[in-house]
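Student: So that we are looking at the same thing, I have put the structure below in structure tokens.
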Amino acid sequence: MPTAIAVTGADLALPPQDERTLPAAVLADLDRQPLAEALAAVQSLVEQYGHVIVVYSRAVPAAVEQRLHTIRSLLESDRIALFRPELPPLAVAVLARQLRQLASCDLGPGVLAAAGRLLTHYLHAGALLGSVARLDRVPVVGLKAHARSWVPGSQFGVLAHPQADMVKAGPEVVLPGPEFGTWMLVARGQLQSDWVTGTLAPAWKAQGLRETTLPAESAEWWGTGRVIEFCGYLPDLSVLYQLVTSVRQSVCHWCGIDVIGDRCVFCSATPPSAAELTAQPAQLARQGRQGRPDRGAARALTTGD
């Protein structure tokens, strides 16, 4: 049974990239509906799919994130992963779709959840802005840039990921792009310009170009509605699958599922060090569940307390 990939708004549920892309579960208006209804919706997903990965933006309203944590706590479930990558909203939507593609493959839920962290390294996300006066999420933007943004007609190309950068947009000026073949997704807000599609996309040698609706959270993330957001990404399922399966898998010592990387996204446990394992042999032996510690032991192993 495939793992469910959920998003917090319909605008983060992009159209399928290919015929194997699974539909997203949309958990909309979590902060506006009664808790019992939101709780029932998530519980239904867990019962239907076994595991649920909720992908959401850091620009999501605080009440939505609080509701997600409340639901996970009330269900007392280690089968719900909350994943909030440090990406702009359009890139979050792209990443969620990549996970929807991979959900059709023979990947366990722990591997699939951790794949989100891996695949962020292959996304190039940014925007063309009419002003950077209220942009505080990209460290490259300083006081001089703020001052220049007050000049009427100025437009700025800002790269938020993988490495922050900014240029004053022009016909001969571009941002550093990926060193591998990507497609580009573009979402237009209240800004008129062909710089992204006419200058940046050719400079990045985009192999495909698509447009979509600007996510509702983009204006909050970028500090302005005068924005054209873009994201360069890997579209092919075979490439995504190869990237994920090339990473060595291990078993989470707390919840017992297969994972990749240094942290289980479902239970947040990190592998204990050799010193920690040696210091607590009796505590591990008492568990009697093939090395699966109780919550107190797991906290001690992961925090060193």
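All residue names refer to the structure tokens as shown: chains lettered A, B, ... in order, residues numbered from 1 in each chain, ligands numbered from 1 in order.
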Which neighbours of A:Thr224 fall inside 8 Å, counting only C-alpha atoms, when residues of the same chain fewer than 4 positions from it are skipped, and could you give them as a list in words?
Tutor: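 Contacts, with the query itself left out: Leu129, Gly130, Ser131, Val132, Arg134, Leu135, Ala219 and Glu220 of chain A.
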Student: If we count only C-alpha atoms, what is near A:Thr70 at a cut-off of 12 Å, once residues fewer than 6 positions away on the same chain are taken out, given as a compact mmCIF listing (two decimals) with C-alpha atoms, in the first residue's frame?
Tutor:
# COMPACT_ATOMS: atom_id res chain seq x y z
CA LEU A 30 -6.87 22.88 9.20
CA ASP A 31 -6.89 26.01 11.34
CA LEU A 35 -10.46 19.92 15.70
CA ALA A 36 -12.59 16.77 15.61
CA ALA A 38 -9.33 17.66 11.21
CA LEU A 39 -8.43 14.79 13.52
CA VAL A 42 -5.84 12.58 9.29
CA ALA A 63 -2.27 28.03 13.56
CA VAL A 64 -2.00 25.39 10.81
CA GLU A 76 -0.09 9.29 19.51
CA SER A 77 1.09 7.98 16.17
CA ILE A 80 2.64 10.59 10.72
CA LEU A 82 5.59 16.35 9.45
Student: Report as CSV: every residue of stretch 101-173 of chain A with an atom at most 12 Å from stretch 233-252 of chain A, its closest pair of atoms, and their distance in Å to one decimal, counting only C-alpha atoms, with rows sorted by chain and ascending residue number.
Tutor:
residue,atom,partner,partner_atom,distance
A:Gln101,CA,A:Leu237,CA,6.4
A:Leu102,CA,A:Tyr241,CA,6.7
A:Ala103,CA,A:Tyr241,CA,10.1
A:Ser104,CA,A:Leu237,CA,9.7
A:Cys105,CA,A:Tyr241,CA,8.0
A:Asp106,CA,A:Tyr241,CA,9.6
A:Leu107,CA,A:Thr245,CA,8.5
A:Gly108,CA,A:Gln249,CA,10.5
A:Pro109,CA,A:Cys252,CA,11.9
A:Gly110,CA,A:Cys252,CA,8.6
A:Val111,CA,A:Gln249,CA,7.7
A:Leu112,CA,A:Val244,CA,8.3
A:Ala113,CA,A:Val244,CA,10.7
A:Ala114,CA,A:Val244,CA,9.0
A:Ala115,CA,A:Val244,CA,6.1
A:Gly116,CA,A:Val244,CA,9.4
A:Arg117,CA,A:Val244,CA,10.3
A:Leu118,CA,A:Val244,CA,7.5
A:Leu119,CA,A:Leu240,CA,7.9
A:Thr120,CA,A:Tyr233,CA,9.4
A:His121,CA,A:Tyr233,CA,10.0
A:Tyr122,CA,A:Tyr233,CA,6.6
A:Leu123,CA,A:Tyr233,CA,5.1
A:His124,CA,A:Tyr233,CA,6.7
A:Ala125,CA,A:Tyr233,CA,8.7
A:Gly126,CA,A:Tyr233,CA,11.9
A:His161,CA,A:Tyr233,CA,11.6
A:Pro162,CA,A:Tyr233,CA,11.7
Student: Generate the output file for the selected residues, C-alpha atoms, as a PDB file, in the first residue's frame.
Tutor:
ATOM      1  CA  GLN A 101       6.012  10.072  -7.871  1.00  0.00           C
ATOM      2  CA  LEU A 102       8.224   7.969  -5.609  1.00  0.00           C
ATOM      3  CA  ALA A 103       5.262   6.773  -3.545  1.00  0.00           C
ATOM      4  CA  SER A 104       4.325   4.508  -6.458  1.00  0.00           C
ATOM      5  CA  CYS A 105       7.650   2.651  -6.108  1.00  0.00           C
ATOM      6  CA  ASP A 106       8.802  -0.083  -3.731  1.00  0.00           C
ATOM      7  CA  LEU A 107      10.087   2.336  -1.088  1.00  0.00           C
ATOM      8  CA  GLY A 108       9.223   1.973   2.578  1.00  0.00           C
ATOM      9  CA  PRO A 109       7.604   4.926   4.356  1.00  0.00           C
ATOM     10  CA  GLY A 110      10.762   5.767   6.315  1.00  0.00           C
ATOM     11  CA  VAL A 111      12.883   5.831   3.168  1.00  0.00           C
ATOM     12  CA  LEU A 112      10.262   7.873   1.313  1.00  0.00           C
ATOM     13  CA  ALA A 113      10.002  10.426   4.123  1.00  0.00           C
ATOM     14  CA  ALA A 114      13.781  10.804   4.322  1.00  0.00           C
ATOM     15  CA  ALA A 115      13.937  11.107   0.524  1.00  0.00           C
ATOM     16  CA  GLY A 116      12.383  14.530   0.923  1.00  0.00           C
ATOM     17  CA  ARG A 117      15.471  15.778   2.730  1.00  0.00           C
ATOM     18  CA  LEU A 118      17.719  14.250   0.062  1.00  0.00           C
ATOM     19  CA  LEU A 119      15.856  15.668  -2.918  1.00  0.00           C
ATOM     20  CA  THR A 120      15.919  19.237  -1.607  1.00  0.00           C
ATOM     21  CA  HIS A 121      19.601  19.305  -2.625  1.00  0.00           C
ATOM     22  CA  TYR A 122      18.569  18.979  -6.286  1.00  0.00           C
ATOM     23  CA  LEU A 123      16.077  21.850  -6.324  1.00  0.00           C
ATOM     24  CA  HIS A 124      16.981  25.362  -7.497  1.00  0.00           C
ATOM     25  CA  ALA A 125      14.347  27.737  -6.180  1.00  0.00           C
ATOM     26  CA  GLY A 126      13.970  31.483  -6.422  1.00  0.00           C
ATOM     27  CA  HIS A 161      18.095  27.548  -2.629  1.00  0.00           C
ATOM     28  CA  PRO A 162      20.540  25.795  -2.804  1.00  0.00           C
TER      29      PRO A 162
END
Student: Go through A:Val167, A:Ala40, A:Val92, A:Ala25 one by one, measure the shortest atom-to-atom distance of each to A:Ile5 using only C-alpha atoms, and give the residue with the smallest value.
Tutor: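 Nearest to A:Ile5: A:Ala25.
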Student: Please, what distance in Å, to one decimal, runs between atom CA of A:Ile260 and atom CA of A:Leu87?
Tutor: 20.7 Å
Student: Mind listing the strand (DSSP E) residues of stretch 18-64 of chain A, per DSSP on the backbone, as a list in words?
Tutor: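 Reading the DSSP output for stretch 18-64 of chain A, strand (DSSP E) covers Ala25, Val26, Val52, Ile53, Val54 and Val55 of chain A.
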Student: Let's have the selection written as a PDB file, in the first residue's frame, with N, CA, C and O atoms.
Tutor:
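To be explicit, this is the file written out as selection.pdb:
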ATOM      1  N   ALA A  25      -3.044  14.097  -0.929  1.00  0.00           N
ATOM      2  CA  ALA A  25      -4.131  14.274   0.034  1.00  0.00           C
ATOM      3  C   ALA A  25      -4.071  15.725   0.517  1.00  0.00           C
ATOM      4  O   ALA A  25      -3.050  16.157   1.045  1.00  0.00           O
ATOM      5  N   VAL A  26      -5.127  16.474   0.308  1.00  0.00           N
ATOM      6  CA  VAL A  26      -5.148  17.899   0.645  1.00  0.00           C
ATOM      7  C   VAL A  26      -5.811  18.095   2.008  1.00  0.00           C
ATOM      8  O   VAL A  26      -6.995  17.790   2.180  1.00  0.00           O
ATOM      9  N   VAL A  52       1.529   8.484   6.729  1.00  0.00           N
ATOM     10  CA  VAL A  52       1.207   9.748   6.079  1.00  0.00           C
ATOM     11  C   VAL A  52       2.396  10.705   6.237  1.00  0.00           C
ATOM     12  O   VAL A  52       2.926  10.865   7.341  1.00  0.00           O
ATOM     13  N   ILE A  53       2.806  11.311   5.133  1.00  0.00           N
ATOM     14  CA  ILE A  53       3.858  12.335   5.156  1.00  0.00           C
ATOM     15  C   ILE A  53       3.202  13.661   4.787  1.00  0.00           C
ATOM     16  O   ILE A  53       2.687  13.810   3.673  1.00  0.00           O
ATOM     17  N   VAL A  54       3.189  14.610   5.713  1.00  0.00           N
ATOM     18  CA  VAL A  54       2.598  15.921   5.466  1.00  0.00           C
ATOM     19  C   VAL A  54       3.723  16.892   5.115  1.00  0.00           C
ATOM     20  O   VAL A  54       4.622  17.132   5.917  1.00  0.00           O
ATOM     21  N   VAL A  55       3.675  17.438   3.910  1.00  0.00           N
ATOM     22  CA  VAL A  55       4.687  18.379   3.432  1.00  0.00           C
ATOM     23  C   VAL A  55       4.067  19.774   3.429  1.00  0.00           C
ATOM     24  O   VAL A  55       3.011  19.985   2.819  1.00  0.00           O
TER      25      VAL A  55
END
Student: I'd like the interatomic distance between atom CA of A:Val173 and atom CA of A:Asp136, to a tenth of an Å.
Tutor: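 One can read the atom CA of A:Val173 to atom CA of A:Asp136 distance as 22.9 Å.
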